[in-house]
Structure formats: structure tokens, C-alpha cells
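Text of protein-v8.cif, listed as mmCIF, C-alpha atoms:
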data_data
#
loop_
_atom_site.label_atom_id
_atom_site.label_comp_id
_atom_site.auth_asym_id
_atom_site.auth_seq_id
_atom_site.Cartn_x
_atom_site.Cartn_y
_atom_site.Cartn_z
CA MET A 176 -93.12 144.28 -97.00
CA PRO A 177 -90.36 141.78 -97.83
CA LYS A 178 -87.00 143.14 -98.84
CA ARG A 179 -86.19 143.02 -102.56
CA ARG A 180 -83.29 140.61 -102.90
CA LYS A 181 -80.76 140.17 -105.68
CA VAL A 182 -81.67 136.47 -105.81
CA GLY A 183 -85.17 136.22 -104.35
CA ASN A 184 -85.82 132.54 -105.08
CA LEU A 185 -86.10 130.61 -101.79
CA LEU A 186 -83.92 127.95 -103.38
CA ALA A 187 -81.05 130.42 -102.90
CA LEU A 188 -81.73 130.45 -99.16
CA ALA A 189 -81.64 126.65 -99.13
CA VAL A 190 -78.33 126.63 -101.03
CA LEU A 191 -76.81 129.09 -98.56
CA SER A 192 -77.98 126.91 -95.66
CA ALA A 193 -76.13 123.97 -97.21
CA LEU A 194 -72.91 125.78 -98.10
CA VAL A 195 -72.62 127.36 -94.66
CA GLN A 196 -71.67 123.85 -93.50
CA ARG A 197 -68.94 123.12 -96.06
CA PRO A 198 -68.01 123.69 -99.73
CA MET A 199 -69.91 121.45 -102.17
CA HIS A 200 -70.52 121.07 -105.87
CA PRO A 201 -74.11 121.60 -107.11
CA TYR A 202 -74.97 117.89 -107.26
CA GLU A 203 -73.87 117.48 -103.63
CA ILE A 204 -75.94 120.52 -102.65
CA ALA A 205 -79.07 119.16 -104.33
CA THR A 206 -78.55 115.71 -102.76
CA ALA A 207 -78.14 117.24 -99.30
CA LEU A 208 -81.21 119.46 -99.66
CA ARG A 209 -83.36 116.50 -100.69
CA ALA A 210 -82.01 114.39 -97.83
CA TRP A 211 -82.80 117.17 -95.33
CA GLY A 212 -86.29 117.68 -96.77
CA LYS A 213 -85.67 121.33 -97.58
CA ASP A 214 -88.08 121.08 -100.52
CA GLN A 215 -90.76 120.38 -97.90
CA ASP A 216 -89.78 123.45 -95.87
CA MET A 217 -89.70 125.89 -98.78
CA GLU A 218 -91.60 126.21 -102.02
CA PHE A 219 -89.13 126.05 -104.89
CA LYS A 220 -88.72 124.40 -108.27
CA TRP A 221 -85.74 122.12 -108.90
CA GLY A 222 -85.76 123.13 -112.58
CA SER A 223 -84.34 126.53 -111.63
CA PHE A 224 -81.54 125.06 -109.47
CA TYR A 225 -78.58 125.71 -111.79
CA THR A 226 -79.89 129.14 -112.76
CA VAL A 227 -80.03 130.05 -109.07
CA ILE A 228 -76.46 128.79 -108.58
CA ARG A 229 -75.24 130.96 -111.47
CA ASN A 230 -77.08 134.02 -110.16
CA MET A 231 -75.69 133.52 -106.66
CA ASP A 232 -72.18 133.31 -108.11
CA LYS A 233 -72.84 136.45 -110.18
CA HIS A 234 -73.90 138.39 -107.07
CA HIS A 235 -70.92 137.09 -105.04
CA MET A 236 -72.95 135.11 -102.51
CA ILE A 237 -70.97 132.00 -103.39
CA GLU A 238 -67.67 131.49 -105.19
CA ALA A 239 -65.93 128.64 -106.96
CA VAL A 240 -62.97 127.16 -105.12
CA GLU A 241 -62.02 124.18 -107.28
CA SER A 242 -63.12 121.79 -109.98
CA VAL A 243 -63.22 118.05 -109.30
CA ARG A 244 -63.71 114.98 -111.45
CA ASP A 245 -65.02 111.62 -110.24
CA GLY A 246 -63.99 108.90 -112.68
CA ARG A 247 -65.55 109.48 -116.07
CA ARG A 248 -68.13 111.93 -114.76
CA PRO A 249 -68.01 115.52 -116.05
CA GLU A 250 -65.88 117.97 -114.13
CA ARG A 251 -67.81 119.62 -111.29
CA THR A 252 -67.26 123.04 -109.75
CA VAL A 253 -67.10 123.18 -105.96
CA TYR A 254 -68.58 126.33 -104.37
CA ARG A 255 -68.24 127.88 -100.95
CA ILE A 256 -70.28 130.57 -99.24
CA THR A 257 -68.79 134.07 -99.17
CA GLY A 258 -69.03 136.81 -96.56
CA THR A 259 -71.78 138.38 -98.67
CA GLY A 260 -73.60 135.05 -98.72
CA ARG A 261 -73.38 134.63 -94.96
CA ALA A 262 -74.75 138.13 -94.44
CA GLU A 263 -77.61 137.38 -96.86
CA LEU A 264 -78.42 134.11 -95.07
CA VAL A 265 -78.62 135.82 -91.68
CA ASP A 266 -80.59 138.82 -92.97
CA TRP A 267 -83.07 136.59 -94.83
CA ALA A 268 -83.56 134.35 -91.79
CA ARG A 269 -84.22 137.44 -89.62
CA GLU A 270 -86.86 138.67 -92.05
CA LEU A 271 -88.65 135.33 -92.37
CA VAL A 272 -88.70 134.68 -88.63
CA SER A 273 -89.67 138.18 -87.48
CA THR A 274 -92.14 139.47 -90.08
CA PRO A 275 -95.56 137.86 -90.66
CA MET A 276 -96.57 137.91 -94.32
CA PRO A 277 -99.90 137.05 -95.98
CA GLU A 278 -99.99 133.45 -97.15
CA HIS A 279 -102.68 131.79 -99.24
CA PRO A 280 -103.29 128.16 -98.25
CA ARG A 281 -105.66 126.14 -100.43
CA PHE A 282 -107.95 125.38 -97.49
CA ARG A 283 -108.56 129.09 -96.96
CA ALA A 284 -109.55 129.38 -100.62
CA GLY A 285 -112.02 126.53 -100.16
CA LEU A 286 -113.51 128.09 -97.03
CA SER A 287 -114.02 131.36 -98.91
CA VAL A 288 -116.51 129.58 -101.21
CA LEU A 289 -117.98 127.19 -98.62
CA ALA A 290 -121.44 128.69 -99.20
CA ALA A 291 -121.46 127.06 -102.66
CA LEU A 292 -121.97 123.70 -100.92
CA HIS A 293 -125.09 122.50 -99.15
CA PRO A 294 -124.39 122.69 -95.39
CA ASP A 295 -124.87 118.94 -94.99
CA GLU A 296 -122.28 118.23 -97.68
CA ALA A 297 -119.95 120.87 -96.26
CA THR A 298 -120.23 119.22 -92.84
CA ASP A 299 -119.44 115.78 -94.27
CA LEU A 300 -116.43 117.13 -96.17
CA LEU A 301 -115.09 119.02 -93.15
CA ARG A 302 -115.44 115.87 -91.07
CA GLN A 303 -113.54 113.96 -93.75
CA ARG A 304 -110.79 116.58 -93.62
CA LEU A 305 -110.64 116.34 -89.84
CA ASP A 306 -110.25 112.55 -89.98
CA LEU A 307 -107.37 112.87 -92.45
CA LEU A 308 -105.82 115.64 -90.36
CA ASP A 309 -106.00 113.57 -87.18
CA ASP A 310 -104.26 110.68 -88.96
CA ALA A 311 -101.55 113.03 -90.26
CA VAL A 312 -101.01 114.53 -86.79
CA ARG A 313 -100.57 111.05 -85.26
CA GLN A 314 -98.11 110.01 -87.96
CA ASP A 315 -96.17 113.28 -87.83
CA ARG A 316 -95.95 113.10 -84.03
CA ALA A 317 -94.53 109.57 -84.23
CA VAL A 318 -91.96 110.61 -86.86
CA LEU A 319 -90.97 113.73 -84.90
CA ASP A 320 -90.57 111.76 -81.67
CA ALA A 321 -88.34 109.24 -83.48
CA HIS A 322 -86.18 112.00 -84.99
CA LEU A 323 -85.87 113.78 -81.64
CA ARG A 324 -84.08 110.73 -80.25
CA GLU A 325 -81.23 111.33 -82.72
CA ILE A 326 -81.42 114.95 -83.93
CA PRO A 327 -81.24 118.13 -81.80
CA ARG A 328 -84.61 119.85 -81.45
CA LEU A 329 -83.21 123.04 -83.04
CA PHE A 330 -82.98 121.25 -86.38
CA LEU A 331 -86.54 119.94 -86.16
CA VAL A 332 -88.27 123.13 -85.06
CA GLU A 333 -90.00 123.57 -88.45
CA ALA A 334 -91.56 120.09 -88.12
CA GLU A 335 -92.66 121.02 -84.60
CA TYR A 336 -94.29 124.16 -86.03
CA ASP A 337 -96.11 122.14 -88.71
CA LEU A 338 -97.45 119.79 -86.06
CA ALA A 339 -98.67 122.71 -83.93
CA MET A 340 -100.41 124.33 -86.92
CA ARG A 341 -102.15 121.07 -87.85
CA GLY A 342 -103.22 120.60 -84.26
CA ALA A 343 -104.65 124.13 -84.18
CA GLU A 344 -106.53 123.52 -87.44
CA ALA A 345 -107.96 120.26 -86.08
CA ALA A 346 -109.15 122.02 -82.91
CA TRP A 347 -110.81 124.76 -84.98
CA LEU A 348 -112.49 122.19 -87.23
CA ARG A 349 -113.89 120.34 -84.21
CA ALA A 350 -115.41 123.56 -82.88
CA LEU A 351 -116.88 124.45 -86.29
CA LEU A 352 -118.32 120.96 -86.77
CA ALA A 353 -119.88 121.09 -83.30
CA GLU A 354 -121.76 124.25 -84.31
CA LEU A 355 -122.83 122.83 -87.67
CA THR A 356 -124.08 119.53 -86.25
CA SER A 357 -125.88 121.15 -83.29
CA GLY A 358 -127.54 123.74 -85.53
CA SER A 359 -126.08 126.63 -83.54
CA TYR A 360 -123.96 128.01 -86.41
CA PRO A 361 -125.22 131.55 -87.19
CA GLY A 362 -127.12 131.76 -90.49
CA LEU A 363 -127.30 127.98 -90.93
CA ASP A 364 -131.04 128.04 -91.73
CA THR A 365 -130.52 130.74 -94.35
CA TRP A 366 -127.65 128.80 -95.91
CA ARG A 367 -129.74 125.64 -96.02
CA ALA A 368 -132.80 127.43 -97.44
CA PHE A 369 -130.76 128.86 -100.31
CA HIS A 370 -129.69 125.39 -101.42
CA GLU A 371 -133.06 123.76 -100.91
CA THR A 372 -135.20 126.45 -102.61
CA GLY A 373 -132.71 127.81 -105.12
CA GLU A 374 -133.76 131.33 -104.13
CA MET A 375 -131.42 133.89 -102.68
CA PRO A 376 -132.71 134.91 -99.20
CA ALA A 377 -133.60 138.58 -98.88
CA GLU A 378 -130.89 139.30 -96.28
CA LEU A 379 -128.20 137.92 -98.60
CA THR A 380 -129.53 139.91 -101.53
CA GLU A 381 -129.37 143.07 -99.41
CA LEU A 382 -125.82 142.22 -98.34
CA ALA A 383 -124.76 141.71 -101.97
CA GLU A 384 -126.25 145.07 -102.90
CA ARG A 385 -124.43 146.84 -100.06
CA THR A 386 -121.07 145.37 -101.05
CA ARG A 387 -121.52 145.90 -104.78
CA GLY A 388 -119.12 148.34 -106.39
CA PRO A 389 -120.06 151.05 -108.91
CA ASP A 390 -121.10 149.92 -112.38
CA LEU A 391 -118.19 150.16 -114.81
CA ASP A 392 -120.33 151.85 -117.43
CA THR A 393 -121.73 154.49 -115.06
CA PRO A 394 -120.41 157.94 -116.04
CA ASP A 395 -118.58 159.94 -113.37
#

Let me see the file written as C-alpha cells.
Amino acid sequence: MPKRRKVGNLLALAVLSALVQRPMHPYEIATALRAWGKDQDMEFKWGSFYTVIRNMDKHHMIEAVESVRDGRRPERTVYRITGTGRAELVDWARELVSTPMPEHPRFRAGLSVLAALHPDEATDLLRQRLDLLDDAVRQDRAVLDAHLREIPRLFLVEAEYDLAMRGAEAAWLRALLAELTSGSYPGLDTWRAFHETGEMPAELTELAERTRGPDLDTPD
């Protein structure tokens, strides 16, 4: 179970990763995070950015060091990471790297209701996904290879991970499609019959009955 944190928004982790390099004002932090693609690495909403900054200051993870003014622009507060912030950054990184947590990708949600589609349509759609995935893998590999010529691998390891996960998904899709197109996928005939007759096969009806919970209006 993840640790309950005083500022649990992943945007706080991104801010700490920026300020560990040098003090910055919030606009600089946001610019740096966008340039580094941190909003691709973590799910966060930019609309909460200044609220997160205030909460981090409140909990002593960062502290103001000076206020600066650039021409006629409003005065900006420069923040630096504190000892508490550094400890939080390290502890959070340890947790995220070491502890697997359930995640809910959209593709998994789609697979959970795959039976709603006729198997022929499902096969066509999965093949379409595989084609798009293969294109993305080729493009991502080219981009990663280009970056590796200028940036140390340590700072691209998350992109390497993404590429590996996409490659694994593509390999799994190829195996699944091979079973669907050869007719060797277990239960394929039953799946097809359901869509072509509109009648629930007896084995699926029995399965639904076995997994059905108690009626809500049944007295104890």
C-alpha cells in the first residue's frame, strides 16, 4: 500500500526533481518540466500547479529564498528544495521503483469487455491496434536512439521502459491474433455462436449462474 504523503500529488514529485538541480521560481519550474516531458512521465494536472507549490512550502519541502523581477513582469518568488524535500524525493522514488501497484490502463478495460464484440470484428480491431503499436515502436526507437547520442542513458530510462512495454504488448497481440485467425483460441466457436444466434450458450449461462452473488432482496 502506498505511503500517505503530506502532498500526494505526483506534480510535487516533479517539482522536487526540478528544484534538486537549482533554485527556481514557479514559472521556471513549469517551463523546465514541460521541456523535460515530465507531464508524459507522470499523470498530473497543470491547473493544480500553484496549489501544489503552496502546499509544499507549507510542509517545508521547499522554501522561498528571494523575490525577483524581470522588467515589468510581476515579482516572482524563487524556491529551493529543503532537507525535508530531499528526503521526500528519495523516499518517494524508493517507493515507486520498488513496489508494484495496480494500474488500470484503458486497453485492459477494453479487453475485459472483448466478448461484447463479434470475434471477427475483435480480430480486425486488435490487428489495427498492432499496426499502430508497431508504428509507435519504430518511431519511439528512432527518437530514443537520437537522444542517446546526446543524453546519458540514466535520464532516458523511463523512455526505454515505455519502449519495452510496447514491445511486450505487440508480442502478446501477435500471439493472440495467431490463435484467433487459426481458430485455435479456446471457446472461439462459443463466442462466435453467441453473436450469430443471439442466444447465450448453455456453458456461459451456467458460468454466469455460478458467479452470481446473492439477491439483494433475499432475507438472511

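Distances here use all atoms listed in the file; by that measure, the residue among A:Ala317, A:Leu323, A:Ala339, A:Leu352 closest to Leu300 of chain A is A:Leu352.
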
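Of the listed residues A:Ile228, A:Leu338, A:Leu348, A:Leu292, the one whose atoms come nearest to Phe369 of chain A is A:Leu292, with distances taken using all atoms listed in the file.
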
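Between Val195 of chain A and the residues A:Thr226, A:Thr252, A:Thr257, A:Gln215, the shortest atom-to-atom distance, using only C-alpha atoms, involves A:Thr257.
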
Next item on the list: Determine the residue membership of the PyMOL selection byres ((chain A and resi 201) around 9) for the file above and supply it as a PyMOL selection string.
Entry: chain A and resi 190+199-200+202-206+224-225+228+251-254

Next, write the just-selected residues to a file, as a PDB file, keeping the file's coordinate frame, keeping C-alpha atoms as the atom set.
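Done, and the output landed in out.pdb:
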ATOM      1  CA  VAL A 190     -78.330 126.630-101.030  1.00  0.00           C
ATOM      2  CA  MET A 199     -69.910 121.450-102.170  1.00  0.00           C
ATOM      3  CA  HIS A 200     -70.520 121.070-105.870  1.00  0.00           C
ATOM      4  CA  TYR A 202     -74.970 117.890-107.260  1.00  0.00           C
ATOM      5  CA  GLU A 203     -73.870 117.480-103.630  1.00  0.00           C
ATOM      6  CA  ILE A 204     -75.940 120.520-102.650  1.00  0.00           C
ATOM      7  CA  ALA A 205     -79.070 119.160-104.330  1.00  0.00           C
ATOM      8  CA  THR A 206     -78.550 115.710-102.760  1.00  0.00           C
ATOM      9  CA  PHE A 224     -81.540 125.060-109.470  1.00  0.00           C
ATOM     10  CA  TYR A 225     -78.580 125.710-111.790  1.00  0.00           C
ATOM     11  CA  ILE A 228     -76.460 128.790-108.580  1.00  0.00           C
ATOM     12  CA  ARG A 251     -67.810 119.620-111.290  1.00  0.00           C
ATOM     13  CA  THR A 252     -67.260 123.040-109.750  1.00  0.00           C
ATOM     14  CA  VAL A 253     -67.100 123.180-105.960  1.00  0.00           C
ATOM     15  CA  TYR A 254     -68.580 126.330-104.370  1.00  0.00           C
TER      16      TYR A 254
END

Next item on the list: Would you write out, as a ChimeraX atom specification, every residue that the PyMOL selection byres ((chain A and resi 231-242) around 12) captures in this file?
Entry: /A:180-195,197-201,224-230,243-245,249-264

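We find atom CA of Asp306 of chain A and atom CA of Pro275 of chain A to be spaced 29.3 Å apart.
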
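Pairwise distance (atom CA of Leu363 of chain A, atom CA of Ala290 of chain A) equals 10.2 Å.
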
Find the residues near Arg367 of chain A: any atom within 10 Å, counting all atoms listed in the file, skip ones fewer than 2 places away on the same chain, and give them as a compact mmCIF listing (two decimals) with C-alpha atoms, keeping the file's coordinate frame.
# COMPACT_ATOMS: atom_id res chain seq x y z
CA ALA A 290 -121.44 128.69 -99.20
CA LEU A 292 -121.97 123.70 -100.92
CA HIS A 293 -125.09 122.50 -99.15
CA PRO A 294 -124.39 122.69 -95.39
CA ASP A 295 -124.87 118.94 -94.99
CA GLY A 362 -127.12 131.76 -90.49
CA LEU A 363 -127.30 127.98 -90.93
CA ASP A 364 -131.04 128.04 -91.73
CA THR A 365 -130.52 130.74 -94.35
CA PHE A 369 -130.76 128.86 -100.31
CA HIS A 370 -129.69 125.39 -101.42
CA GLU A 371 -133.06 123.76 -100.91
CA THR A 372 -135.20 126.45 -102.61
CA GLY A 373 -132.71 127.81 -105.12

Set up a box along x, y and z of the file covering all listed atoms of segment 375-379 of chain A, add 3 Å on every one of the six sides, and write the centre and edge lengths in Å to one decimal, as JSON.
{"center_x": -130.9, "center_y": 136.6, "center_z": -99.5, "size_x": 11.4, "size_y": 11.4, "size_z": 12.4}

Margin query: Quick one: residues within 10 Å of Leu308 of chain A, all atoms listed in the file, excluding same-chain residues fewer than 6 positions away - as a PyMOL selection string?
Written below: chain A and resi 302+314+341-342+344-345+348

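Nearest residue to Ala334 of chain A, choosing from A:Arg269, A:Arg349, A:Arg209, A:His322 and counting all atoms listed in the file: A:His322.
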
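For the pair atom CA of Asp320 of chain A and atom CA of Met217 of chain A, the interatomic distance is 22.2 Å.
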
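The residue that comes closest to Trp347 of chain A, out of A:Leu319, A:Ala291, A:Leu305, A:Ala268 and on the basis of only C-alpha atoms, is A:Leu305.
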
Next item on the list: Give as a PyMOL selection string the residues that the PyMOL selection byres ((chain A and resi 178) around 9) matches when applied to the coordinates above.
Entry: chain A and resi 176-177+179-180+267+270

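In this comparison, which uses only C-alpha atoms, the residue of A:Met276, A:Leu271, A:Leu355, A:Leu382 approaching Glu296 of chain A most closely is A:Leu355.
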
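Near Leu286 of chain A, within 12 Å and counting only C-alpha atoms, sit His279, Pro280, Arg281, Phe282, Arg283, Ala284, Val288, Leu289, Ala290, Ala291, Leu292, Ala297, Thr298, Leu300, Leu301, Leu348 and Leu351 of chain A; same-chain residues fewer than 2 positions away were not included.
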